[in-house]
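A.B. asks: I'm passing along target38.pdb; it holds PDB, C-alpha atoms and all ligand atoms.
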```pdb
ATOM      1  CA  MET A   1      70.596 243.753 345.708
ATOM      2  CA  SER A   2      71.975 242.623 342.339
ATOM      3  CA  MET A   3      75.623 241.610 342.370
ATOM      4  CA  ALA A   4      76.131 243.746 339.255
ATOM      5  CA  ASP A   5      74.462 246.919 340.491
ATOM      6  CA  ARG A   6      76.507 248.110 343.443
ATOM      7  CA  ASP A   7      78.836 250.896 344.357
ATOM      8  CA  GLY A   8      82.487 250.060 344.762
ATOM      9  CA  LYS A   9      85.534 248.856 342.889
ATOM     10  CA  ILE A  10      86.548 245.582 341.307
ATOM     11  CA  TRP A  11      90.092 244.657 340.345
ATOM     12  CA  MET A  12      90.087 243.708 336.680
ATOM     13  CA  ASP A  13      93.191 242.726 334.735
ATOM     14  CA  GLY A  14      95.541 244.853 336.747
ATOM     15  CA  GLU A  15      93.464 247.882 337.650
ATOM     16  CA  LEU A  16      90.577 248.901 339.857
ATOM     17  CA  VAL A  17      87.449 249.651 337.840
ATOM     18  CA  GLU A  18      84.020 250.887 338.874
ATOM     19  CA  TRP A  19      81.865 247.990 340.118
ATOM     20  CA  ARG A  20      79.196 248.488 337.427
ATOM     21  CA  ASP A  21      81.837 248.642 334.668
ATOM     22  CA  ALA A  22      83.365 245.262 335.538
ATOM     23  CA  THR A  23      81.644 243.527 332.612
ATOM     24  CA  THR A  24      82.553 241.080 329.868
ATOM     25  CA  HIS A  25      81.177 240.148 326.408
ATOM     26  CA  VAL A  26      78.436 237.501 325.980
ATOM     27  CA  LEU A  27      80.837 235.468 323.820
ATOM     28  CA  THR A  28      83.293 235.134 326.687
ATOM     29  CA  HIS A  29      84.665 231.610 326.307
ATOM     30  CA  THR A  30      84.316 230.573 329.962
ATOM     31  CA  LEU A  31      80.654 231.586 329.992
ATOM     32  CA  HIS A  32      80.000 228.906 327.370
ATOM     33  CA  TYR A  33      82.298 226.051 328.348
ATOM     34  CA  GLY A  34      82.837 226.546 332.066
ATOM     35  CA  MET A  35      86.607 226.457 332.171
ATOM     36  CA  GLY A  36      87.603 229.072 334.673
ATOM     37  CA  VAL A  37      89.301 228.830 338.053
ATOM     38  CA  PHE A  38      88.395 230.696 341.185
ATOM     39  CA  GLU A  39      88.826 231.049 344.910
ATOM     40  CA  GLY A  40      86.657 231.877 347.880
ATOM     41  CA  VAL A  41      88.529 233.801 350.543
ATOM     42  CA  ARG A  42      87.358 235.590 353.672
ATOM     43  CA  ALA A  43      88.596 238.566 355.608
ATOM     44  CA  TYR A  44      87.588 239.147 359.211
ATOM     45  CA  ASN A  45      87.577 242.232 361.341
ATOM     46  CA  THR A  46      90.352 242.123 363.935
ATOM     47  CA  GLU A  47      91.752 244.599 366.436
ATOM     48  CA  ARG A  48      94.142 245.666 363.670
ATOM     49  CA  GLY A  49      91.364 246.037 361.074
ATOM     50  CA  ALA A  50      90.551 243.611 358.249
ATOM     51  CA  ALA A  51      92.719 240.516 358.041
ATOM     52  CA  ILE A  52      92.510 238.062 355.150
ATOM     53  CA  PHE A  53      92.660 234.486 356.370
ATOM     54  CA  ARG A  54      95.396 232.309 354.825
ATOM     55  CA  LEU A  55      95.595 234.590 351.795
ATOM     56  CA  ARG A  56      98.767 233.068 350.390
ATOM     57  CA  GLU A  57      97.404 229.514 350.598
ATOM     58  CA  HIS A  58      94.227 230.542 348.763
ATOM     59  CA  THR A  59      96.255 232.309 346.114
ATOM     60  CA  ARG A  60      98.531 229.275 345.765
ATOM     61  CA  ARG A  61      95.473 227.078 345.262
ATOM     62  CA  LEU A  62      94.180 229.463 342.572
ATOM     63  CA  PHE A  63      97.469 229.159 340.719
ATOM     64  CA  ASN A  64      97.503 225.393 341.238
ATOM     65  CA  SER A  65      93.981 225.209 339.775
ATOM     66  CA  ALA A  66      95.162 227.225 336.760
ATOM     67  CA  HIS A  67      98.228 224.995 336.385
ATOM     68  CA  ILE A  68      96.071 221.846 336.500
ATOM     69  CA  MET A  69      93.841 223.284 333.772
ATOM     70  CA  GLN A  70      96.847 224.502 331.717
ATOM     71  CA  MET A  71      95.551 228.041 331.935
ATOM     72  CA  PRO A  72      98.462 230.467 331.767
ATOM     73  CA  MET A  73      98.077 233.107 334.471
ATOM     74  CA  PRO A  74      98.997 236.556 333.149
ATOM     75  CA  PHE A  75      99.878 237.885 336.615
ATOM     76  CA  SER A  76     102.271 236.767 339.309
ATOM     77  CA  GLU A  77     101.022 235.244 342.531
ATOM     78  CA  GLU A  78     102.355 238.284 344.362
ATOM     79  CA  THR A  79     100.234 240.590 342.171
ATOM     80  CA  ILE A  80      97.078 238.589 342.914
ATOM     81  CA  VAL A  81      97.888 238.571 346.645
ATOM     82  CA  GLU A  82      98.195 242.345 346.500
ATOM     83  CA  ALA A  83      95.050 242.681 344.351
ATOM     84  CA  GLN A  84      92.994 240.968 347.058
ATOM     85  CA  ARG A  85      94.341 243.303 349.722
ATOM     86  CA  GLU A  86      93.744 246.272 347.451
ATOM     87  CA  VAL A  87      90.117 245.338 346.728
ATOM     88  CA  VAL A  88      89.297 245.091 350.438
ATOM     89  CA  ARG A  89      90.897 248.488 351.040
ATOM     90  CA  ALA A  90      89.345 250.160 347.969
ATOM     91  CA  ASN A  91      85.880 249.150 349.150
ATOM     92  CA  GLY A  92      86.555 250.124 352.771
ATOM     93  CA  LEU A  93      85.625 246.609 353.941
ATOM     94  CA  ASP A  94      86.426 244.781 357.150
ATOM     95  CA  SER A  95      84.625 241.414 357.320
ATOM     96  CA  CYS A  96      84.031 240.265 353.759
ATOM     97  CA  TYR A  97      84.204 237.513 351.191
ATOM     98  CA  ILE A  98      86.770 237.812 348.403
ATOM     99  CA  ARG A  99      86.355 236.211 344.997
ATOM    100  CA  PRO A 100      89.321 235.954 342.633
ATOM    101  CA  LEU A 101      88.422 234.439 339.243
ATOM    102  CA  ALA A 102      90.456 233.658 336.123
ATOM    103  CA  PHE A 103      88.599 233.090 332.864
ATOM    104  CA  TYR A 104      89.154 232.861 329.118
ATOM    105  CA  GLY A 105      88.233 235.849 326.940
ATOM    106  CA  SER A 106      86.135 236.169 323.786
ATOM    107  CA  GLU A 107      88.807 235.846 321.077
ATOM    108  CA  ALA A 108      87.322 232.581 319.730
ATOM    109  CA  MET A 109      84.651 229.956 320.308
ATOM    110  CA  GLY A 110      85.106 226.181 320.151
ATOM    111  CA  LEU A 111      86.712 223.759 322.541
ATOM    112  CA  ASN A 112      90.275 224.754 321.897
ATOM    113  CA  ALA A 113      91.020 227.422 324.472
ATOM    114  CA  GLN A 114      94.743 227.514 323.745
ATOM    115  CA  GLY A 115      95.996 230.990 323.060
ATOM    116  CA  LEU A 116      92.913 232.784 324.347
ATOM    117  CA  GLN A 117      93.498 235.670 326.670
ATOM    118  CA  VAL A 118      93.203 234.821 330.357
ATOM    119  CA  HIS A 119      91.498 237.528 332.405
ATOM    120  CA  VAL A 120      91.741 237.830 336.164
ATOM    121  CA  VAL A 121      89.268 239.668 338.371
ATOM    122  CA  VAL A 122      88.983 240.086 342.129
ATOM    123  CA  ALA A 123      85.784 241.273 343.829
ATOM    124  CA  ALA A 124      84.922 241.562 347.513
ATOM    125  CA  TRP A 125      81.679 242.153 349.380
ATOM    126  CA  PRO A 126      80.199 241.605 352.849
ATOM    127  CA  TRP A 127      78.745 238.098 353.166
ATOM    128  CA  GLY A 128      77.330 236.695 356.393
ATOM    129  CA  ALA A 129      77.065 233.103 357.570
ATOM    130  CA  TYR A 130      76.660 230.977 354.425
ATOM    131  CA  LEU A 131      74.367 228.424 356.065
ATOM    132  CA  GLY A 132      72.751 230.952 358.393
ATOM    133  CA  ASP A 133      73.524 232.210 361.912
ATOM    134  CA  GLU A 134      71.090 229.698 363.357
ATOM    135  CA  GLY A 135      72.916 226.875 361.556
ATOM    136  CA  LEU A 136      76.243 227.935 363.071
ATOM    137  CA  LYS A 137      74.758 227.665 366.563
ATOM    138  CA  LYS A 138      72.216 224.877 366.436
ATOM    139  CA  GLY A 139      73.442 222.814 363.524
ATOM    140  CA  ILE A 140      71.899 221.990 360.186
ATOM    141  CA  ARG A 141      70.007 219.113 358.598
ATOM    142  CA  ALA A 142      71.912 217.367 355.831
ATOM    143  CA  VAL A 143      70.865 214.770 353.302
ATOM    144  CA  THR A 144      72.829 212.378 351.112
ATOM    145  CA  SER A 145      72.586 213.557 347.522
ATOM    146  CA  SER A 146      71.365 211.483 344.618
ATOM    147  CA  TYR A 147      74.235 213.120 342.710
ATOM    148  CA  THR A 148      77.704 211.580 342.991
ATOM    149  CA  ARG A 149      80.773 213.749 343.575
ATOM    150  CA  HIS A 150      82.971 214.050 340.507
ATOM    151  CA  HIS A 151      84.925 210.981 339.508
ATOM    152  CA  PRO A 152      88.619 211.978 339.499
ATOM    153  CA  ASN A 153      88.919 210.746 335.933
ATOM    154  CA  ILE A 154      86.001 212.832 334.676
ATOM    155  CA  THR A 155      87.273 216.144 335.909
ATOM    156  CA  MET A 156      90.057 217.508 338.071
ATOM    157  CA  THR A 157      88.859 217.248 341.644
ATOM    158  CA  GLU A 158      91.698 219.319 343.124
ATOM    159  CA  ALA A 159      91.107 222.306 340.842
ATOM    160  CA  LYS A 160      88.547 224.854 341.941
ATOM    161  CA  LEU A 161      86.978 224.949 338.532
ATOM    162  CA  THR A 162      83.910 227.080 337.704
ATOM    163  CA  GLY A 163      82.280 224.404 335.519
ATOM    164  CA  GLY A 164      82.678 221.759 338.201
ATOM    165  CA  TYR A 165      80.225 223.593 340.405
ATOM    166  CA  PHE A 166      77.194 222.501 338.381
ATOM    167  CA  ASN A 167      77.523 219.235 340.344
ATOM    168  CA  SER A 168      77.478 221.183 343.627
ATOM    169  CA  MET A 169      74.526 223.281 342.473
ATOM    170  CA  LEU A 170      72.446 220.258 341.513
ATOM    171  CA  ALA A 171      73.130 218.651 344.880
ATOM    172  CA  HIS A 172      72.473 221.814 346.893
ATOM    173  CA  ARG A 173      69.214 222.552 345.101
ATOM    174  CA  GLU A 174      67.995 218.983 345.436
ATOM    175  CA  ALA A 175      68.680 219.078 349.192
ATOM    176  CA  GLN A 176      66.925 222.417 349.630
ATOM    177  CA  GLU A 177      63.900 221.351 347.595
ATOM    178  CA  ALA A 178      63.593 218.284 349.798
ATOM    179  CA  GLY A 179      63.510 220.567 352.865
ATOM    180  CA  PHE A 180      67.090 220.059 354.075
ATOM    181  CA  ASP A 181      69.776 222.687 354.573
ATOM    182  CA  GLU A 182      72.660 221.072 352.737
ATOM    183  CA  ALA A 183      73.674 218.028 350.697
ATOM    184  CA  VAL A 184      76.312 215.405 351.419
ATOM    185  CA  LEU A 185      77.894 214.035 348.255
ATOM    186  CA  LEU A 186      79.226 210.497 348.075
ATOM    187  CA  ASP A 187      82.271 209.698 345.978
ATOM    188  CA  PRO A 188      82.019 207.332 342.985
ATOM    189  CA  TYR A 189      82.832 204.407 345.298
ATOM    190  CA  GLY A 190      79.992 205.177 347.710
ATOM    191  CA  PHE A 191      81.957 206.816 350.502
ATOM    192  CA  VAL A 192      81.180 210.251 351.889
ATOM    193  CA  ALA A 193      83.201 212.837 349.962
ATOM    194  CA  GLU A 194      82.166 216.361 350.980
ATOM    195  CA  GLY A 195      79.416 218.939 350.814
ATOM    196  CA  PRO A 196      78.717 221.023 347.689
ATOM    197  CA  GLY A 197      81.037 223.732 349.019
ATOM    198  CA  GLU A 198      82.310 222.275 352.280
ATOM    199  CA  ASN A 199      84.519 219.524 353.617
ATOM    200  CA  ILE A 200      82.994 217.222 356.192
ATOM    201  CA  PHE A 201      84.053 215.796 359.569
ATOM    202  CA  MET A 202      82.619 213.478 362.201
ATOM    203  CA  VAL A 203      83.519 212.643 365.787
ATOM    204  CA  ARG A 204      83.157 209.243 367.393
ATOM    205  CA  ASP A 205      84.456 208.234 370.812
ATOM    206  CA  GLY A 206      86.597 211.353 370.922
ATOM    207  CA  VAL A 207      88.322 210.698 367.572
ATOM    208  CA  LEU A 208      87.914 213.201 364.727
ATOM    209  CA  TYR A 209      87.432 211.639 361.271
ATOM    210  CA  THR A 210      87.384 213.166 357.814
ATOM    211  CA  PRO A 211      87.403 211.560 354.356
ATOM    212  CA  PRO A 212      90.740 211.480 352.520
ATOM    213  CA  LEU A 213      91.319 213.853 349.622
ATOM    214  CA  SER A 214      90.744 211.309 346.870
ATOM    215  CA  THR A 215      87.708 213.207 345.537
ATOM    216  CA  ALA A 216      87.214 216.082 347.997
ATOM    217  CA  LEU A 217      88.745 219.515 347.586
ATOM    218  CA  ASP A 218      91.861 220.146 349.662
ATOM    219  CA  GLY A 219      90.035 222.689 351.779
ATOM    220  CA  ILE A 220      91.964 225.346 353.613
ATOM    221  CA  THR A 221      89.416 225.304 356.439
ATOM    222  CA  ARG A 222      89.762 221.493 356.583
ATOM    223  CA  LYS A 223      93.510 221.894 356.939
ATOM    224  CA  THR A 224      92.973 224.558 359.611
ATOM    225  CA  VAL A 225      90.545 222.360 361.560
ATOM    226  CA  LEU A 226      92.990 219.430 361.413
ATOM    227  CA  GLU A 227      95.779 221.628 362.767
ATOM    228  CA  LEU A 228      93.600 223.072 365.544
ATOM    229  CA  ALA A 229      92.366 219.601 366.495
ATOM    230  CA  ARG A 230      95.952 218.367 366.837
ATOM    231  CA  GLU A 231      96.725 221.354 369.041
ATOM    232  CA  GLU A 232      93.728 220.456 371.186
ATOM    233  CA  GLY A 233      95.123 216.943 371.596
ATOM    234  CA  ILE A 234      92.261 215.414 369.614
ATOM    235  CA  GLU A 235      93.151 212.256 367.682
ATOM    236  CA  VAL A 236      92.562 212.708 363.954
ATOM    237  CA  GLN A 237      92.039 210.065 361.281
ATOM    238  CA  GLU A 238      91.616 210.562 357.550
ATOM    239  CA  LYS A 239      89.874 207.507 356.153
ATOM    240  CA  PRO A 240      87.005 206.485 353.878
ATOM    241  CA  LEU A 241      83.700 206.814 355.728
ATOM    242  CA  SER A 242      80.393 205.316 354.664
ATOM    243  CA  ARG A 243      77.248 207.352 355.170
ATOM    244  CA  ASP A 244      76.044 205.166 358.025
ATOM    245  CA  THR A 245      79.170 205.888 360.074
ATOM    246  CA  PHE A 246      77.788 209.427 360.194
ATOM    247  CA  TYR A 247      74.414 208.166 361.450
ATOM    248  CA  ILE A 248      76.112 206.666 364.500
ATOM    249  CA  ALA A 249      78.638 209.467 365.006
ATOM    250  CA  ASP A 250      78.575 211.492 368.205
ATOM    251  CA  GLU A 251      79.016 214.708 366.232
ATOM    252  CA  ALA A 252      79.464 215.899 362.665
ATOM    253  CA  PHE A 253      80.201 219.194 360.988
ATOM    254  CA  PHE A 254      80.861 220.876 357.670
ATOM    255  CA  CYS A 255      83.636 223.385 357.167
ATOM    256  CA  GLY A 256      84.682 225.766 354.439
ATOM    257  CA  THR A 257      85.644 229.371 353.895
ATOM    258  CA  ALA A 258      82.066 230.460 353.188
ATOM    259  CA  ALA A 259      80.379 227.982 355.558
ATOM    260  CA  GLU A 260      82.984 228.335 358.367
ATOM    261  CA  VAL A 261      82.425 225.518 360.937
ATOM    262  CA  VAL A 262      78.799 224.355 360.913
ATOM    263  CA  PRO A 263      77.469 221.545 363.106
ATOM    264  CA  ILE A 264      75.382 218.877 361.359
ATOM    265  CA  ARG A 265      72.620 217.853 363.766
ATOM    266  CA  GLU A 266      70.837 215.452 361.480
ATOM    267  CA  MET A 267      71.699 213.409 358.406
ATOM    268  CA  ASP A 268      69.206 211.492 356.265
ATOM    269  CA  ASN A 269      66.563 211.963 358.977
ATOM    270  CA  ARG A 270      68.777 210.359 361.642
ATOM    271  CA  THR A 271      69.697 212.523 364.611
ATOM    272  CA  ILE A 272      73.461 212.751 365.027
ATOM    273  CA  GLY A 273      74.515 212.410 368.659
ATOM    274  CA  ALA A 274      72.399 214.650 370.850
ATOM    275  CA  GLY A 275      71.030 216.528 367.821
ATOM    276  CA  GLU A 276      72.922 219.699 368.600
ATOM    277  CA  ALA A 277      76.421 221.140 368.282
ATOM    278  CA  GLY A 278      78.600 218.625 370.145
ATOM    279  CA  PRO A 279      81.439 219.538 372.501
ATOM    280  CA  VAL A 280      84.294 218.832 370.047
ATOM    281  CA  THR A 281      82.527 220.753 367.277
ATOM    282  CA  GLN A 282      81.900 223.661 369.619
ATOM    283  CA  ARG A 283      85.528 223.691 370.735
ATOM    284  CA  LEU A 284      86.861 223.644 367.172
ATOM    285  CA  GLN A 285      84.343 226.216 366.016
ATOM    286  CA  ALA A 286      85.319 228.546 368.866
ATOM    287  CA  ARG A 287      89.012 228.046 368.125
ATOM    288  CA  TYR A 288      88.356 228.758 364.438
ATOM    289  CA  PHE A 289      86.490 231.992 365.124
ATOM    290  CA  ASP A 290      89.193 233.095 367.566
ATOM    291  CA  VAL A 291      91.909 232.411 365.016
ATOM    292  CA  VAL A 292      90.242 234.216 362.101
ATOM    293  CA  ALA A 293      89.397 237.213 364.256
ATOM    294  CA  GLY A 294      92.982 237.519 365.475
ATOM    295  CA  ARG A 295      92.177 236.563 369.078
ATOM    296  CA  ASP A 296      94.647 233.666 369.061
ATOM    297  CA  ALA A 297      98.247 234.832 369.268
ATOM    298  CA  ARG A 298      99.491 231.411 368.125
ATOM    299  CA  HIS A 299      98.121 231.882 364.621
ATOM    300  CA  THR A 300      98.517 235.502 363.620
ATOM    301  CA  ASP A 301     100.813 234.163 360.883
ATOM    302  CA  TRP A 302      97.638 232.987 359.104
ATOM    303  CA  LEU A 303      96.318 236.549 358.963
ATOM    304  CA  ASP A 304      97.128 239.137 356.371
ATOM    305  CA  PHE A 305      96.410 242.563 357.786
ATOM    306  CA  VAL A 306      95.019 244.571 354.900
ATOM    307  CA  TYR A 307      95.479 248.063 356.253
ATOM    308  CA  GLN A 308      99.120 247.522 357.257
ATOM    309  CA  ASP A 309     102.216 246.842 355.180
TER     310      ASP A 309
HETATM  311  N1  LIG B   1      84.793 221.474 349.014
HETATM  312  C1  LIG B   1      84.278 222.203 348.018
HETATM  313  C2  LIG B   1      83.654 221.504 346.876
HETATM  314  C3  LIG B   1      84.340 223.602 348.059
HETATM  315  O1  LIG B   1      83.825 224.338 347.084
HETATM  316  C4  LIG B   1      84.930 224.239 349.166
HETATM  317  C5  LIG B   1      84.979 225.736 349.231
HETATM  318  N2  LIG B   1      86.102 226.254 348.572
HETATM  319  C6  LIG B   1      85.455 223.439 350.177
HETATM  320  C7  LIG B   1      85.375 222.064 350.073
HETATM  321  C8  LIG B   1      86.134 224.062 351.364
HETATM  322  O2  LIG B   1      87.346 224.626 350.981
HETATM  323  P1  LIG B   1      87.955 225.887 351.762
HETATM  324  O3  LIG B   1      87.970 225.521 353.190
HETATM  325  O4  LIG B   1      89.314 226.043 351.204
HETATM  326  O5  LIG B   1      87.060 227.015 351.479
END
```
Give the structure from this file in structure tokens form.
C.D. replies:
Amino acid sequence: MSMADRDGKIWMDGELVEWRDATTHVLTHTLHYGMGVFEGVRAYNTERGAAIFRLREHTRRLFNSAHIMQMPMPFSEETIVEAQREVVRANGLDSCYIRPLAFYGSEAMGLNAQGLQVHVVVAAWPWGAYLGDEGLKKGIRAVTSSYTRHHPNITMTEAKLTGGYFNSMLAHREAQEAGFDEAVLLDPYGFVAEGPGENIFMVRDGVLYTPPLSTALDGITRKTVLELAREEGIEVQEKPLSRDTFYIADEAFFCGTAAEVVPIREMDNRTIGAGEAGPVTQRLQARYFDVVAGRDARHTDWLDFVYQD
């Protein structure tokens, strides 16, 4: 089903419009030059109906991305928080993916975007397991990409920038065409950075490792996993990791809002650990799914219940 041809409502510049009417002109600046900022947010069905996971943190990151790119946001953070809740409600959704996007309008072409109108839209739709249900259970096969993750002096690696995702798309497509499920991108210095849309972790001798944020996105799922691991009494280290440390890891996994927590059972044709979801990965994945679904009383503060005030 086309993303453009659906029933429902989309929040566009302050009001809900019909899904099919949420359109923009072909000379929209961001369509040409790729400077827009966005978020990927998920809501899950809980006993109290849909709850958006860490909504305020996602919205903060959207505004931080806009600030980094010097893109003046025409709405307050509070308005965009409310817009996301409103879109879920207006479409009668429970579990869904939410996509806020800010982009420049069509007032002018050329590289100078100063003074152009900034538009903000929020859409939401049901979206299942990003790397497949099977991947969540059994793990996926990853491959190191021939593409390098962005150098921090070529773009802004902490902004979730639309144009930046061409790098992710090249890597993801290359991996898929080679018969793998997902790519692993190395940073410009040769260390493992992240996946095209996921942060990455490994476990060795009971210690959980993840690359530092020098070139990876400051993922909200990454932060969540780190907090849950600490609660579980698992030692955590953030340090540069070469690709071969993953080959000899006991376990590895990707995590992200869309991907959730996905075991990596193989990397570059080397089996990782026992070639299945390892015990630490399984524990953290189970904790994650309990938290997002509101089954963990310790973390209901991370949930924004859409159908309640
Ligand atoms: N890295 C990249 C490049 C991403 O696009 C994403 C998805 N937003 C992530 C990591 C994971 O971030 P989060 O957990 O906040 O979704």
A.B. asks: When you count only C-alpha atoms, which of these residues is closest to A:Val261: A:Gly14, A:Pro240, A:Gly36, A:Gly132?
C.D. replies: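 Among the listed residues, the smallest separation from A:Val261 belongs to A:Gly132.
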A.B. asks: Could you state which residues are captured by the PyMOL selection byres (((not hetatm)) within 10 of (chain B and resi 1)) in this file, as an MDAnalysis selection string?
C.D. replies: chainID A and resid 38:42 54 57:58 61 149:150 157:162 164:165 167:168 185 193:200 215:225 254:261
A.B. asks: Could you give me, as a PDB file with C-alpha atoms, keeping the file's coordinate frame, the residues within 10 Å of A:Thr30, counting all atoms listed in the file and dropping anything in the same chain fewer than 2 positions from it?
C.D. replies:
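The file below, around_30.pdb, is the result:
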```pdb
ATOM      1  CA  VAL A  26      78.436 237.501 325.980  1.00  0.00           C
ATOM      2  CA  LEU A  27      80.837 235.468 323.820  1.00  0.00           C
ATOM      3  CA  THR A  28      83.293 235.134 326.687  1.00  0.00           C
ATOM      4  CA  HIS A  32      80.000 228.906 327.370  1.00  0.00           C
ATOM      5  CA  TYR A  33      82.298 226.051 328.348  1.00  0.00           C
ATOM      6  CA  GLY A  34      82.837 226.546 332.066  1.00  0.00           C
ATOM      7  CA  MET A  35      86.607 226.457 332.171  1.00  0.00           C
ATOM      8  CA  GLY A  36      87.603 229.072 334.673  1.00  0.00           C
ATOM      9  CA  VAL A  37      89.301 228.830 338.053  1.00  0.00           C
ATOM     10  CA  ALA A 102      90.456 233.658 336.123  1.00  0.00           C
ATOM     11  CA  PHE A 103      88.599 233.090 332.864  1.00  0.00           C
ATOM     12  CA  TYR A 104      89.154 232.861 329.118  1.00  0.00           C
ATOM     13  CA  GLY A 105      88.233 235.849 326.940  1.00  0.00           C
ATOM     14  CA  SER A 106      86.135 236.169 323.786  1.00  0.00           C
ATOM     15  CA  MET A 109      84.651 229.956 320.308  1.00  0.00           C
ATOM     16  CA  ALA A 113      91.020 227.422 324.472  1.00  0.00           C
ATOM     17  CA  VAL A 118      93.203 234.821 330.357  1.00  0.00           C
ATOM     18  CA  THR A 162      83.910 227.080 337.704  1.00  0.00           C
ATOM     19  CA  GLY A 163      82.280 224.404 335.519  1.00  0.00           C
TER      20      GLY A 163
END
```
A.B. asks: Considering all atoms listed in the file, return as a list in words whatever protein or nucleic-acid residues lie within 7 Å of stretch 137-145 of chain A, sequence-local ones (same chain, fewer than 4 positions apart) excluded.
C.D. replies: Asp133, Ala171, Ala175, Phe180, Asp181, Glu182, Ala183, Val184, Leu185, Val262, Pro263, Ile264, Arg265, Glu266, Met267, Asp268, Glu276 and Ala277 of chain A
A.B. asks: At a cut-off of 9 Å, using only C-alpha atoms, what residues contact A:Ala229? Leave out same-chain residues fewer than 4 positions from it and give the result as a PyMOL selection string.
C.D. replies: chain A and resi 208+224-225+233-236+280+284
A.B. asks: Counting all atoms listed in the file, which residue out of A:Phe246, A:Met156, A:Glu86, A:Gln308 sits closest to A:Asn64?
C.D. replies: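 Of A:Phe246, A:Met156, A:Glu86, A:Gln308, the one nearest A:Asn64 is A:Met156, counting all atoms listed in the file.
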A.B. asks: Quick one: residues within 12 Å of stretch 205-207 of chain A, only C-alpha atoms, excluding same-chain residues fewer than 5 positions away - as a list of chain:residue names?
C.D. replies: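 Near stretch 205-207 of chain A, the qualifying residues are A:Leu226, A:Ala229, A:Arg230, A:Glu232, A:Gly233, A:Ile234, A:Glu235, A:Val236, A:Gln237, A:Glu238, A:Lys239, A:Ile248, A:Ala249, A:Asp250, A:Glu251, A:Ala252, A:Gly273, A:Gly278, A:Pro279, A:Val280, A:Thr281.
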A.B. asks: Kindly give the distance, in Å, that separates atom CA of A:Asp94 and atom CA of A:Asn45, rounded to a single decimal.
C.D. replies: 5.0 Å
A.B. asks: With the file shown as input, list the residues that the PyMOL selection byres (((chain A and resi 301-304) around 12) and not hetatm) selects, as an MDAnalysis selection string.
C.D. replies: chainID A and resid 41:58 81:82 84:86 88 220:221 224 288 290:300 305:309
A.B. asks: Report, in Å with one decimal, the straight-line distance from atom CA of A:Arg270 to atom CA of A:Gly190.
C.D. replies: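 A separation of 18.6 Å between them.
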